[in-house]
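*Asks:* Provided below: coords24.cif, containing mmCIF, C-alpha atoms.
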```cif
data_structure
#
loop_
_atom_site.group_PDB
_atom_site.id
_atom_site.type_symbol
_atom_site.label_atom_id
_atom_site.label_comp_id
_atom_site.auth_asym_id
_atom_site.auth_seq_id
_atom_site.Cartn_x
_atom_site.Cartn_y
_atom_site.Cartn_z
ATOM 1 C CA MET D 1 68.773 278.590 -38.551
ATOM 2 C CA HIS D 2 70.923 276.305 -40.667
ATOM 3 C CA TRP D 3 74.679 276.829 -40.914
ATOM 4 C CA VAL D 4 75.897 279.031 -38.058
ATOM 5 C CA THR D 5 79.432 280.357 -37.697
ATOM 6 C CA GLY D 6 81.032 282.994 -35.498
ATOM 7 C CA GLU D 7 80.702 285.611 -38.226
ATOM 8 C CA MET D 8 76.898 285.199 -38.239
ATOM 9 C CA LEU D 9 75.853 284.372 -34.688
ATOM 10 C CA SER D 10 78.087 283.664 -31.726
ATOM 11 C CA ILE D 11 77.325 281.002 -29.140
ATOM 12 C CA LYS D 12 76.296 283.788 -26.786
ATOM 13 C CA ASP D 13 74.085 285.440 -29.434
ATOM 14 C CA ILE D 14 72.177 282.188 -29.999
ATOM 15 C CA GLY D 15 71.522 281.921 -26.267
ATOM 16 C CA ARG D 16 70.021 285.414 -26.213
ATOM 17 C CA ILE D 17 67.255 284.603 -28.707
ATOM 18 C CA ARG D 18 63.884 284.465 -26.963
ATOM 19 C CA LYS D 19 61.677 283.733 -29.958
ATOM 20 C CA PRO D 20 60.895 280.207 -31.215
ATOM 21 C CA VAL D 21 63.934 278.771 -32.975
ATOM 22 C CA VAL D 22 64.162 275.831 -35.369
ATOM 23 C CA TRP D 23 67.767 274.849 -36.031
ATOM 24 C CA THR D 24 68.599 272.417 -38.834
ATOM 25 C CA LEU D 25 71.933 270.667 -38.291
ATOM 26 C CA HIS D 26 74.241 269.655 -41.112
ATOM 27 C CA ASP D 27 76.996 268.200 -38.964
ATOM 28 C CA MET D 28 77.771 267.503 -35.277
ATOM 29 C CA TRP D 29 79.078 270.928 -34.237
ATOM 30 C CA ALA D 30 76.016 272.097 -32.300
ATOM 31 C CA PHE D 31 76.354 269.446 -29.592
ATOM 32 C CA CYS D 32 80.140 268.961 -29.794
ATOM 33 C CA GLY D 33 82.982 271.274 -28.850
ATOM 34 C CA ALA D 34 84.619 272.960 -31.834
ATOM 35 C CA GLU D 35 84.533 269.776 -33.935
ATOM 36 C CA HIS D 36 82.198 269.415 -36.907
ATOM 37 C CA TYR D 37 82.637 265.635 -36.917
ATOM 38 C CA THR D 38 84.327 263.471 -34.326
ATOM 39 C CA GLU D 39 84.769 259.800 -33.531
ATOM 40 C CA ASP D 40 85.506 260.216 -29.816
ATOM 41 C CA ASP D 41 82.840 260.050 -27.094
ATOM 42 C CA ARG D 42 83.117 263.415 -25.334
ATOM 43 C CA TRP D 43 79.920 264.786 -26.891
ATOM 44 C CA ARG D 44 78.032 261.938 -25.213
ATOM 45 C CA VAL D 45 79.577 262.121 -21.735
ATOM 46 C CA GLY D 46 80.726 265.728 -21.496
ATOM 47 C CA TYR D 47 84.046 267.432 -22.187
ATOM 48 C CA ARG D 48 86.020 266.745 -19.038
ATOM 49 C CA ARG D 49 89.687 267.323 -18.347
ATOM 50 C CA ASP D 50 90.295 263.590 -17.970
ATOM 51 C CA ASN D 51 88.749 262.370 -21.251
ATOM 52 C CA ARG D 52 90.654 264.423 -23.793
ATOM 53 C CA PRO D 53 91.912 262.338 -26.752
ATOM 54 C CA GLY D 54 95.602 261.522 -26.603
ATOM 55 C CA HIS D 55 96.336 263.040 -30.019
ATOM 56 C CA GLU D 56 95.286 266.537 -28.818
ATOM 57 C CA ALA D 57 97.644 268.910 -27.039
ATOM 58 C CA GLY D 58 97.787 272.493 -25.828
ATOM 59 C CA PHE D 59 94.722 274.571 -25.021
ATOM 60 C CA ASP D 60 91.571 272.396 -24.983
ATOM 61 C CA LEU D 61 89.515 274.403 -27.466
ATOM 62 C CA ASN D 62 86.837 271.728 -27.689
ATOM 63 C CA ARG D 63 86.191 271.697 -23.927
ATOM 64 C CA TRP D 64 86.206 275.497 -23.793
ATOM 65 C CA THR D 65 83.709 275.744 -26.688
ATOM 66 C CA TRP D 66 81.415 273.044 -25.289
ATOM 67 C CA ARG D 67 81.356 274.689 -21.868
ATOM 68 C CA ARG D 68 80.368 278.029 -23.469
ATOM 69 C CA LYS D 69 77.427 276.294 -25.153
ATOM 70 C CA ARG D 70 76.405 274.719 -21.865
ATOM 71 C CA ILE D 71 76.496 278.100 -20.100
ATOM 72 C CA HIS D 72 74.725 280.201 -22.742
ATOM 73 C CA TRP D 73 72.152 277.755 -24.100
ATOM 74 C CA GLU D 74 69.786 277.573 -21.140
ATOM 75 C CA HIS D 75 66.583 277.293 -23.166
ATOM 76 C CA PRO D 76 66.079 274.291 -25.499
ATOM 77 C CA LEU D 77 65.720 274.993 -29.210
ATOM 78 C CA HIS D 78 63.831 272.754 -31.621
ATOM 79 C CA MET D 79 66.450 270.795 -33.539
ATOM 80 C CA VAL D 80 65.959 269.341 -37.013
ATOM 81 C CA THR D 81 68.296 266.779 -38.543
ATOM 82 C CA PRO D 82 68.271 265.556 -42.145
ATOM 83 C CA SER D 83 69.084 261.981 -41.044
ATOM 84 C CA ARG D 84 67.934 259.602 -38.335
ATOM 85 C CA TRP D 85 71.558 259.030 -37.346
ATOM 86 C CA LEU D 86 72.144 262.685 -36.504
ATOM 87 C CA ALA D 87 68.866 262.832 -34.575
ATOM 88 C CA ASP D 88 70.029 259.882 -32.480
ATOM 89 C CA CYS D 89 73.280 261.744 -31.825
ATOM 90 C CA VAL D 90 71.323 264.757 -30.560
ATOM 91 C CA ARG D 91 69.312 262.510 -28.213
ATOM 92 C CA GLN D 92 72.479 260.838 -26.921
ATOM 93 C CA SER D 93 74.415 264.071 -26.428
ATOM 94 C CA ALA D 94 75.206 265.463 -23.001
ATOM 95 C CA LEU D 95 74.255 268.951 -24.197
ATOM 96 C CA MET D 96 70.906 268.398 -25.954
ATOM 97 C CA SER D 97 69.522 265.067 -24.743
ATOM 98 C CA ASP D 98 66.306 266.710 -23.469
ATOM 99 C CA TRP D 99 65.842 269.067 -26.441
ATOM 100 C CA PRO D 100 63.086 268.411 -29.009
ATOM 101 C CA VAL D 101 64.405 266.960 -32.284
ATOM 102 C CA SER D 102 62.693 266.081 -35.557
ATOM 103 C CA VAL D 103 63.998 264.289 -38.649
ATOM 104 C CA VAL D 104 63.261 266.187 -41.867
ATOM 105 C CA HIS D 105 65.238 265.254 -44.950
ATOM 106 C CA ASN D 106 66.918 267.859 -47.138
ATOM 107 C CA VAL D 107 64.645 268.920 -49.952
ATOM 108 C CA ILE D 108 65.443 268.706 -53.654
ATOM 109 C CA ASP D 109 63.413 270.140 -56.521
ATOM 110 C CA THR D 110 62.395 266.867 -58.168
ATOM 111 C CA ALA D 111 60.678 268.800 -60.956
ATOM 112 C CA GLN D 112 64.082 270.206 -61.938
ATOM 113 C CA TRP D 113 66.256 267.223 -61.002
ATOM 114 C CA GLN D 114 64.911 264.599 -63.377
ATOM 115 C CA PRO D 115 66.467 261.719 -65.308
ATOM 116 C CA VAL D 116 67.921 262.275 -68.751
ATOM 117 C CA GLU D 117 67.957 259.352 -71.173
ATOM 118 C CA PRO D 118 71.307 257.664 -70.381
ATOM 119 C CA SER D 119 72.341 257.281 -74.031
ATOM 120 C CA VAL D 120 71.691 260.985 -74.635
ATOM 121 C CA ALA D 121 73.567 261.980 -71.472
ATOM 122 C CA ARG D 122 76.565 259.865 -72.423
ATOM 123 C CA GLU D 123 76.689 261.280 -75.916
ATOM 124 C CA LEU D 124 76.586 264.857 -74.646
ATOM 125 C CA LEU D 125 79.362 264.136 -72.133
ATOM 126 C CA GLY D 126 81.491 262.137 -74.550
ATOM 127 C CA LEU D 127 81.227 258.926 -72.508
ATOM 128 C CA PRO D 128 81.043 255.405 -73.987
ATOM 129 C CA ARG D 129 77.482 254.241 -74.620
ATOM 130 C CA ASP D 130 77.508 250.492 -74.057
ATOM 131 C CA VAL D 131 79.660 249.839 -71.002
ATOM 132 C CA PRO D 132 78.814 249.862 -67.261
ATOM 133 C CA LEU D 133 79.844 253.161 -65.666
ATOM 134 C CA LEU D 134 80.615 253.633 -61.962
ATOM 135 C CA LEU D 135 80.543 257.280 -60.815
ATOM 136 C CA PHE D 136 82.202 258.797 -57.772
ATOM 137 C CA GLY D 137 83.210 262.247 -56.628
ATOM 138 C CA ALA D 138 86.814 262.964 -55.705
ATOM 139 C CA MET D 139 86.436 266.464 -54.251
ATOM 140 C CA GLY D 140 88.989 266.190 -51.490
ATOM 141 C CA GLY D 141 87.908 262.599 -50.979
ATOM 142 C CA GLY D 142 91.434 261.283 -50.934
ATOM 143 C CA CYS D 143 92.448 263.731 -48.192
ATOM 144 C CA ASP D 144 89.542 263.293 -45.783
ATOM 145 C CA PRO D 145 89.430 259.853 -44.092
ATOM 146 C CA ARG D 146 85.698 260.330 -43.447
ATOM 147 C CA LYS D 147 85.003 260.126 -47.173
ATOM 148 C CA GLY D 148 86.443 256.604 -47.378
ATOM 149 C CA PHE D 149 88.393 256.963 -50.599
ATOM 150 C CA ASP D 150 90.803 254.272 -49.381
ATOM 151 C CA LEU D 151 87.859 251.911 -48.903
ATOM 152 C CA LEU D 152 86.725 252.561 -52.454
ATOM 153 C CA LEU D 153 90.211 251.775 -53.754
ATOM 154 C CA ALA D 154 90.185 248.524 -51.798
ATOM 155 C CA ALA D 155 86.793 247.620 -53.257
ATOM 156 C CA LEU D 156 87.996 248.368 -56.781
ATOM 157 C CA ALA D 157 90.908 245.989 -56.234
ATOM 158 C CA HIS D 158 88.350 243.212 -55.703
ATOM 159 C CA LEU D 159 86.503 244.177 -58.890
ATOM 160 C CA ARG D 160 89.341 243.745 -61.345
ATOM 161 C CA GLY D 161 88.166 241.335 -64.006
ATOM 162 C CA GLU D 162 84.832 240.841 -62.203
ATOM 163 C CA VAL D 163 82.532 243.244 -64.085
ATOM 164 C CA ASP D 164 82.897 242.983 -67.836
ATOM 165 C CA GLY D 165 83.742 246.348 -69.416
ATOM 166 C CA LEU D 166 83.476 248.366 -66.197
ATOM 167 C CA GLU D 167 84.746 251.946 -66.504
ATOM 168 C CA LEU D 168 85.004 254.701 -63.898
ATOM 169 C CA VAL D 169 83.810 258.289 -64.088
ATOM 170 C CA VAL D 170 85.351 260.756 -61.621
ATOM 171 C CA PHE D 171 83.907 264.227 -61.068
ATOM 172 C CA GLY D 172 85.365 267.017 -58.975
ATOM 173 C CA GLN D 173 88.896 266.337 -60.169
ATOM 174 C CA LEU D 174 90.936 266.847 -63.319
ATOM 175 C CA PRO D 175 93.253 264.082 -64.561
ATOM 176 C CA PRO D 176 96.235 263.868 -62.181
ATOM 177 C CA ARG D 177 99.749 264.384 -63.540
ATOM 178 C CA GLU D 178 100.605 260.857 -62.476
ATOM 179 C CA PRO D 179 97.428 258.789 -62.936
ATOM 180 C CA VAL D 180 96.848 255.958 -60.481
ATOM 181 C CA ASP D 181 96.277 252.537 -62.009
ATOM 182 C CA LEU D 182 92.925 251.448 -60.602
ATOM 183 C CA GLY D 183 92.591 248.603 -63.049
ATOM 184 C CA PHE D 184 89.844 250.267 -65.106
ATOM 185 C CA PRO D 185 89.583 252.980 -67.761
ATOM 186 C CA ILE D 186 88.907 256.312 -66.016
ATOM 187 C CA HIS D 187 87.082 259.359 -67.338
ATOM 188 C CA TYR D 188 87.891 262.540 -65.400
ATOM 189 C CA ILE D 189 85.045 265.050 -65.766
ATOM 190 C CA GLY D 190 86.532 267.818 -63.605
ATOM 191 C CA HIS D 191 84.405 270.327 -61.687
ATOM 192 C CA LEU D 192 80.822 270.840 -62.814
ATOM 193 C CA HIS D 193 79.255 274.156 -61.841
ATOM 194 C CA ASP D 194 75.661 273.932 -63.064
ATOM 195 C CA ASP D 195 72.726 271.653 -62.349
ATOM 196 C CA VAL D 196 72.171 270.706 -65.994
ATOM 197 C CA SER D 197 75.674 269.243 -66.302
ATOM 198 C CA LEU D 198 75.268 267.392 -63.009
ATOM 199 C CA ARG D 199 71.935 265.945 -64.157
ATOM 200 C CA LEU D 200 73.606 264.661 -67.299
ATOM 201 C CA LEU D 201 76.427 263.121 -65.302
ATOM 202 C CA TYR D 202 74.208 261.313 -62.809
ATOM 203 C CA SER D 203 71.946 260.105 -65.622
ATOM 204 C CA ALA D 204 74.883 258.805 -67.633
ATOM 205 C CA ALA D 205 76.132 256.589 -64.805
ATOM 206 C CA ASP D 206 74.801 253.186 -63.824
ATOM 207 C CA LEU D 207 75.756 253.611 -60.173
ATOM 208 C CA LEU D 208 77.038 256.311 -57.795
ATOM 209 C CA ALA D 209 79.540 255.181 -55.145
ATOM 210 C CA ILE D 210 79.561 256.888 -51.725
ATOM 211 C CA PRO D 211 82.156 255.036 -49.619
ATOM 212 C CA SER D 212 81.981 257.427 -46.628
ATOM 213 C CA ARG D 213 82.833 256.344 -43.118
ATOM 214 C CA GLN D 214 80.874 259.254 -41.664
ATOM 215 C CA ASP D 215 78.284 261.379 -43.458
ATOM 216 C CA ASN D 216 74.984 263.052 -42.651
ATOM 217 C CA LEU D 217 72.845 263.128 -45.812
ATOM 218 C CA PRO D 218 75.204 263.821 -48.747
ATOM 219 C CA ASN D 219 73.581 265.845 -51.522
ATOM 220 C CA THR D 220 75.254 263.733 -54.188
ATOM 221 C CA GLY D 221 73.222 260.712 -53.083
ATOM 222 C CA VAL D 222 69.924 262.605 -53.134
ATOM 223 C CA GLU D 223 70.687 264.184 -56.519
ATOM 224 C CA SER D 224 71.659 260.815 -57.943
ATOM 225 C CA LEU D 225 68.379 259.196 -56.892
ATOM 226 C CA ALA D 226 66.402 262.114 -58.332
ATOM 227 C CA CYS D 227 68.117 261.471 -61.665
ATOM 228 C CA GLY D 228 67.214 257.783 -61.480
ATOM 229 C CA THR D 229 70.709 256.495 -60.685
ATOM 230 C CA PRO D 230 71.133 253.888 -57.910
ATOM 231 C CA VAL D 231 73.569 254.510 -55.053
ATOM 232 C CA ILE D 232 75.960 252.188 -53.245
ATOM 233 C CA ALA D 233 77.137 253.127 -49.750
ATOM 234 C CA PHE D 234 78.101 251.632 -46.427
ATOM 235 C CA ASP D 235 75.391 250.925 -43.861
ATOM 236 C CA THR D 236 76.411 253.716 -41.495
ATOM 237 C CA CYS D 237 75.397 257.174 -40.274
ATOM 238 C CA GLY D 238 72.855 258.918 -42.509
ATOM 239 C CA LEU D 239 73.396 256.816 -45.616
ATOM 240 C CA PRO D 240 70.536 254.354 -44.886
ATOM 241 C CA ASP D 241 68.207 257.371 -45.184
ATOM 242 C CA ILE D 242 69.223 257.511 -48.846
ATOM 243 C CA VAL D 243 69.809 253.884 -49.806
ATOM 244 C CA SER D 244 67.258 251.100 -49.320
ATOM 245 C CA HIS D 245 69.214 247.876 -49.659
ATOM 246 C CA GLN D 246 68.662 246.140 -53.004
ATOM 247 C CA HIS D 247 65.735 248.441 -53.750
ATOM 248 C CA ASN D 248 67.279 251.710 -54.986
ATOM 249 C CA GLY D 249 70.897 250.636 -54.576
ATOM 250 C CA TYR D 250 73.062 248.604 -52.231
ATOM 251 C CA LEU D 251 74.032 249.069 -48.562
ATOM 252 C CA ALA D 252 77.307 247.271 -47.922
ATOM 253 C CA GLN D 253 78.357 246.112 -44.478
ATOM 254 C CA ALA D 254 80.068 249.028 -42.780
ATOM 255 C CA PHE D 255 83.597 249.561 -44.050
ATOM 256 C CA ASP D 256 83.820 246.134 -45.751
ATOM 257 C CA PRO D 257 85.425 246.632 -49.194
ATOM 258 C CA VAL D 258 84.594 243.049 -50.186
ATOM 259 C CA ASP D 259 80.859 243.606 -49.669
ATOM 260 C CA PHE D 260 81.119 247.006 -51.369
ATOM 261 C CA ALA D 261 82.585 245.260 -54.402
ATOM 262 C CA GLN D 262 79.788 242.694 -54.238
ATOM 263 C CA GLY D 263 77.286 245.538 -54.271
ATOM 264 C CA VAL D 264 78.784 246.959 -57.456
ATOM 265 C CA ARG D 265 78.514 243.516 -59.075
ATOM 266 C CA TRP D 266 74.907 243.147 -57.949
ATOM 267 C CA VAL D 267 73.809 246.541 -59.271
ATOM 268 C CA MET D 268 75.546 246.066 -62.596
ATOM 269 C CA LYS D 269 73.721 242.759 -63.084
ATOM 270 C CA GLN D 270 70.409 244.625 -62.682
ATOM 271 C CA ARG D 271 71.226 247.436 -65.099
ATOM 272 C CA ALA D 272 69.501 245.868 -68.116
ATOM 273 C CA THR D 273 66.074 245.720 -66.444
ATOM 274 C CA GLY D 274 65.811 249.396 -65.480
ATOM 275 C CA GLY D 275 64.010 248.511 -62.250
ATOM 276 C CA LEU D 276 66.629 250.065 -59.984
ATOM 277 C CA ARG D 277 66.503 253.321 -61.924
ATOM 278 C CA GLN D 278 62.745 253.512 -61.533
ATOM 279 C CA ALA D 279 62.992 252.736 -57.810
ATOM 280 C CA ALA D 280 65.714 255.351 -57.349
ATOM 281 C CA ARG D 281 63.582 258.070 -58.907
ATOM 282 C CA GLN D 282 60.489 257.000 -56.970
ATOM 283 C CA CYS D 283 62.397 257.103 -53.658
ATOM 284 C CA ALA D 284 63.626 260.628 -54.383
ATOM 285 C CA VAL D 285 60.090 261.848 -55.043
ATOM 286 C CA GLU D 286 58.659 260.083 -51.979
ATOM 287 C CA ARG D 287 61.365 261.210 -49.532
ATOM 288 C CA PHE D 288 62.941 264.452 -50.708
ATOM 289 C CA SER D 289 60.461 266.367 -52.891
ATOM 290 C CA PRO D 290 58.992 269.723 -51.754
ATOM 291 C CA ASP D 291 55.524 268.168 -51.521
ATOM 292 C CA VAL D 292 56.851 265.873 -48.794
ATOM 293 C CA VAL D 293 59.417 268.030 -46.993
ATOM 294 C CA VAL D 294 57.602 271.378 -46.820
ATOM 295 C CA PRO D 295 54.615 270.065 -44.805
ATOM 296 C CA GLN D 296 57.036 268.393 -42.389
ATOM 297 C CA TYR D 297 58.802 271.708 -41.779
ATOM 298 C CA LEU D 298 55.478 273.481 -41.298
ATOM 299 C CA ASP D 299 54.601 270.940 -38.600
ATOM 300 C CA VAL D 300 57.934 271.576 -36.892
ATOM 301 C CA TYR D 301 57.370 275.354 -36.988
ATOM 302 C CA ARG D 302 53.914 274.913 -35.417
ATOM 303 C CA GLN D 303 55.367 272.734 -32.668
ATOM 304 C CA ALA D 304 58.103 275.253 -31.912
ATOM 305 C CA MET D 305 55.600 278.115 -31.685
ATOM 306 C CA GLU D 306 53.171 276.152 -29.518
ATOM 307 C CA VAL D 307 55.907 275.422 -26.986
ATOM 308 C CA GLN D 308 56.482 279.147 -26.471
ATOM 309 C CA GLY D 309 52.821 280.046 -26.800
ATOM 310 C CA THR D 310 53.436 282.211 -29.853
#
```
Could you show the structure in this file as structure tokens?
*Replies:*
Amino acid sequence: MHWVTGEMLSIKDIGRIRKPVVWTLHDMWAFCGAEHYTEDDRWRVGYRRDNRPGHEAGFDLNRWTWRRKRIHWEHPLHMVTPSRWLADCVRQSALMSDWPVSVVHNVIDTAQWQPVEPSVARELLGLPRDVPLLLFGAMGGGCDPRKGFDLLLAALAHLRGEVDGLELVVFGQLPPREPVDLGFPIHYIGHLHDDVSLRLLYSAADLLAIPSRQDNLPNTGVESLACGTPVIAFDTCGLPDIVSHQHNGYLAQAFDPVDFAQGVRWVMKQRATGGLRQAARQCAVERFSPDVVVPQYLDVYRQAMEVQGT
């Protein structure tokens, strides 16, 4: 199992399965109430009447949902998480602390997702050839606090006049009617719907920014590395599974816009050598390629079957 919703399998249906099950999580829902991500502590200690967050009111849907999971899920399933952070959450949860859990990263076809010569990519996309380009996705990023768009804006404020010629590339959004002055020229790419265009975009950039406060293993980071483009992110949640500090990018201190800005400066100073691009590509092949991930899943399947004697 991967993504499970009420239209596919109900909580009760999952509890009825008596065959070996491997369940790959992509958020926190499995061991929470009805939340997919949360910053409160109920998933660790249990959803009690006396620990409901003050901002919630009315029927306690999260407690009701969590209690249904506790009732119907009597037999442990083998959980897989794409990041070490999410695996630690499973182990710390009141619902699944004694369930088996393995960390297996999301796979990417590294034979398909390969670097394109940056000058060629920029020419095809109509981007300037000889300036440093910082890429970030804006798909709902400004509306979801987890994505940290406000932290990115704060970091950009510290970069004004600091990186000579720096320009921004935004994908997932068309030019707004009233453009925000971020202090840099901005190229709005809009929505890209095919892998070839995305490969060109990642390859054209010098750095991908992921300023998330909370994230599992964002595909944009994995795709960027596969295309040889370094990533900058905060040292939190699943992002250290993507970024090795000052090896294939930069891990800024959690939620510190000043250090995030410093990371952009540091990466841009390395851009002439090409070493970060090579390291980014190498990390993608070593961590996320089918040759690495498929055997790990096969081991998990064997473990799950051995437990039930299948």
*Asks:* Can I get the residues of segment 206-300 of chain D within 12 Å of segment 81-95 of chain D, each with the closest pair of atoms and their distance in Å to one decimal, using all atoms listed in the file, sorted chain first then ascending number, as JSON lines?
*Replies:*
```
{"residue": "D:Gln214", "atom": "CA", "partner": "D:Trp85", "partner_atom": "CA", "distance": 10.3}
{"residue": "D:Asp215", "atom": "CA", "partner": "D:Leu86", "partner_atom": "CA", "distance": 9.4}
{"residue": "D:Asn216", "atom": "CA", "partner": "D:Ser83", "partner_atom": "CA", "distance": 6.2}
{"residue": "D:Leu217", "atom": "CA", "partner": "D:Ser83", "partner_atom": "CA", "distance": 6.2}
{"residue": "D:Pro218", "atom": "CA", "partner": "D:Pro82", "partner_atom": "CA", "distance": 9.7}
{"residue": "D:Asn219", "atom": "CA", "partner": "D:Pro82", "partner_atom": "CA", "distance": 10.8}
{"residue": "D:Val222", "atom": "CA", "partner": "D:Pro82", "partner_atom": "CA", "distance": 11.5}
{"residue": "D:Asp235", "atom": "CA", "partner": "D:Trp85", "partner_atom": "CA", "distance": 11.1}
{"residue": "D:Thr236", "atom": "CA", "partner": "D:Trp85", "partner_atom": "CA", "distance": 8.3}
{"residue": "D:Cys237", "atom": "CA", "partner": "D:Trp85", "partner_atom": "CA", "distance": 5.2}
{"residue": "D:Gly238", "atom": "CA", "partner": "D:Ser83", "partner_atom": "CA", "distance": 5.1}
{"residue": "D:Leu239", "atom": "CA", "partner": "D:Ser83", "partner_atom": "CA", "distance": 8.1}
{"residue": "D:Pro240", "atom": "CA", "partner": "D:Ser83", "partner_atom": "CA", "distance": 8.7}
{"residue": "D:Asp241", "atom": "CA", "partner": "D:Ser83", "partner_atom": "CA", "distance": 6.3}
{"residue": "D:Ile242", "atom": "CA", "partner": "D:Ser83", "partner_atom": "CA", "distance": 9.0}
{"residue": "D:Val243", "atom": "CA", "partner": "D:Ser83", "partner_atom": "CA", "distance": 12.0}
{"residue": "D:Arg287", "atom": "CA", "partner": "D:Pro82", "partner_atom": "CA", "distance": 11.0}
{"residue": "D:Phe288", "atom": "CA", "partner": "D:Pro82", "partner_atom": "CA", "distance": 10.1}
{"residue": "D:Val293", "atom": "CA", "partner": "D:Pro82", "partner_atom": "CA", "distance": 10.4}
{"residue": "D:Gln296", "atom": "CA", "partner": "D:Pro82", "partner_atom": "CA", "distance": 11.6}
{"residue": "D:Tyr297", "atom": "CA", "partner": "D:Thr81", "partner_atom": "CA", "distance": 11.2}
{"residue": "D:Val300", "atom": "CA", "partner": "D:Thr81", "partner_atom": "CA", "distance": 11.5}
```
*Asks:* Which polymer residues, whether protein, DNA or RNA, lie within 10 Å of the coordinate (58.0, 266.6, -50.2) when you count only C-alpha atoms? List them as a ChimeraX atom specification, using the chain letters and numbers from the file.
*Replies:* /D:104-110,284-297
*Asks:* Check which residues satisfy the PyMOL selection byres ((chain D and resi 112) around 10) in the file shown, then give them as a list in words.
*Replies:*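 This file, filtered by the PyMOL selection byres ((chain D and resi 112) around 10), leaves Ile108, Asp109, Thr110, Ala111, Trp113, Gln114, Pro115, Asp195, Val196, Arg199, Ala226 and Cys227 of chain D.
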*Asks:* May I have the selected residues written with C-alpha atoms, as a compact mmCIF listing (two decimals), in the frame of the given file?
*Replies:*
```txt
# COMPACT_ATOMS: atom_id res chain seq x y z
CA ILE D 108 65.44 268.71 -53.65
CA ASP D 109 63.41 270.14 -56.52
CA THR D 110 62.40 266.87 -58.17
CA ALA D 111 60.68 268.80 -60.96
CA TRP D 113 66.26 267.22 -61.00
CA GLN D 114 64.91 264.60 -63.38
CA PRO D 115 66.47 261.72 -65.31
CA ASP D 195 72.73 271.65 -62.35
CA VAL D 196 72.17 270.71 -65.99
CA ARG D 199 71.94 265.94 -64.16
CA ALA D 226 66.40 262.11 -58.33
CA CYS D 227 68.12 261.47 -61.66
```
*Asks:* May I have the residues within 6 Å of segment 179-194 of chain D as a VMD selection string, using all atoms listed in the file and disregarding those fewer than 6 positions away in the same chain?
*Replies:* chain D and resid 167 to 173
*Asks:* Would you save the residues from that selection as an mmCIF file, in the frame of the given file, using C-alpha atoms?
*Replies:*
```cif
data_model
loop_
_atom_site.group_PDB
_atom_site.id
_atom_site.type_symbol
_atom_site.label_atom_id
_atom_site.label_comp_id
_atom_site.auth_asym_id
_atom_site.auth_seq_id
_atom_site.Cartn_x
_atom_site.Cartn_y
_atom_site.Cartn_z
ATOM 1 C CA GLU D 167 84.746 251.946 -66.504
ATOM 2 C CA LEU D 168 85.004 254.701 -63.898
ATOM 3 C CA VAL D 169 83.810 258.289 -64.088
ATOM 4 C CA VAL D 170 85.351 260.756 -61.621
ATOM 5 C CA PHE D 171 83.907 264.227 -61.068
ATOM 6 C CA GLY D 172 85.365 267.017 -58.975
ATOM 7 C CA GLN D 173 88.896 266.337 -60.169
#
```
*Asks:* Would you kindly return, as a list in words, each protein, DNA or RNA residue with an atom no farther than 10 Å from any atom of Asp60 of chain D, considering all atoms listed in the file and excluding same-chain residues fewer than 5 positions away?
*Replies:*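 Returned residues: Gly33, Ala34, Tyr47, Arg48, Arg49, Arg52 and Thr65 of chain D.
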*Asks:* Suppose you want the space between atom CA of Asn62 of chain D and atom CA of Ile17 of chain D; what is it in Å?
*Replies:*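 Atom-to-atom, atom CA of Asn62 of chain D and atom CA of Ile17 of chain D are spaced 23.5 Å apart.
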*Asks:* Work out where the centre of an axis-aligned box around every listed atom of segment 243-249 of chain D lies and how long its edges are once 8 Å is added on each side; give both in Å to one decimal as AutoDock Vina command-line options.
*Replies:*
```
--center_x 68.3 --center_y 250.0 --center_z -52.2 --size_x 21.2 --size_y 23.7 --size_z 21.7
```
*Asks:* Please evaluate the PyMOL selection byres ((chain D and resi 204-206) around 9) against the displayed coordinates and give the resulting residues as a VMD selection string.
*Replies:* chain D and resid 116 to 123 125 127 129 132 to 135 169 199 to 203 207 to 208 229 to 231 267 to 268 271 277
*Asks:* Those same residues, written as a tab-separated table (two decimals), in the coordinates of the input with C-alpha atoms?
*Replies:*
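File written: out_32.tsv
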```tsv
chain	number	residue	atom	x	y	z
D	116	VAL	CA	67.92	262.27	-68.75
D	117	GLU	CA	67.96	259.35	-71.17
D	118	PRO	CA	71.31	257.66	-70.38
D	119	SER	CA	72.34	257.28	-74.03
D	120	VAL	CA	71.69	260.98	-74.64
D	121	ALA	CA	73.57	261.98	-71.47
D	122	ARG	CA	76.56	259.86	-72.42
D	123	GLU	CA	76.69	261.28	-75.92
D	125	LEU	CA	79.36	264.14	-72.13
D	127	LEU	CA	81.23	258.93	-72.51
D	129	ARG	CA	77.48	254.24	-74.62
D	132	PRO	CA	78.81	249.86	-67.26
D	133	LEU	CA	79.84	253.16	-65.67
D	134	LEU	CA	80.61	253.63	-61.96
D	135	LEU	CA	80.54	257.28	-60.82
D	169	VAL	CA	83.81	258.29	-64.09
D	199	ARG	CA	71.94	265.94	-64.16
D	200	LEU	CA	73.61	264.66	-67.30
D	201	LEU	CA	76.43	263.12	-65.30
D	202	TYR	CA	74.21	261.31	-62.81
D	203	SER	CA	71.95	260.10	-65.62
D	207	LEU	CA	75.76	253.61	-60.17
D	208	LEU	CA	77.04	256.31	-57.80
D	229	THR	CA	70.71	256.50	-60.68
D	230	PRO	CA	71.13	253.89	-57.91
D	231	VAL	CA	73.57	254.51	-55.05
D	267	VAL	CA	73.81	246.54	-59.27
D	268	MET	CA	75.55	246.07	-62.60
D	271	ARG	CA	71.23	247.44	-65.10
D	277	ARG	CA	66.50	253.32	-61.92
```
*Asks:* Might you spell out which residues the PyMOL selection byres ((chain D and resi 73) around 10) would select in the displayed file, as a PyMOL selection string?
*Replies:* chain D and resi 11-17+67-72+74-77+95-96
*Asks:* I want to know what sits within 9 Å of Gln262 of chain D, based on all atoms listed in the file, with residues of the same chain fewer than 2 positions away left out; could you give that as a PyMOL selection string?
*Replies:* chain D and resi 155+158-159+252+257-260+264-267
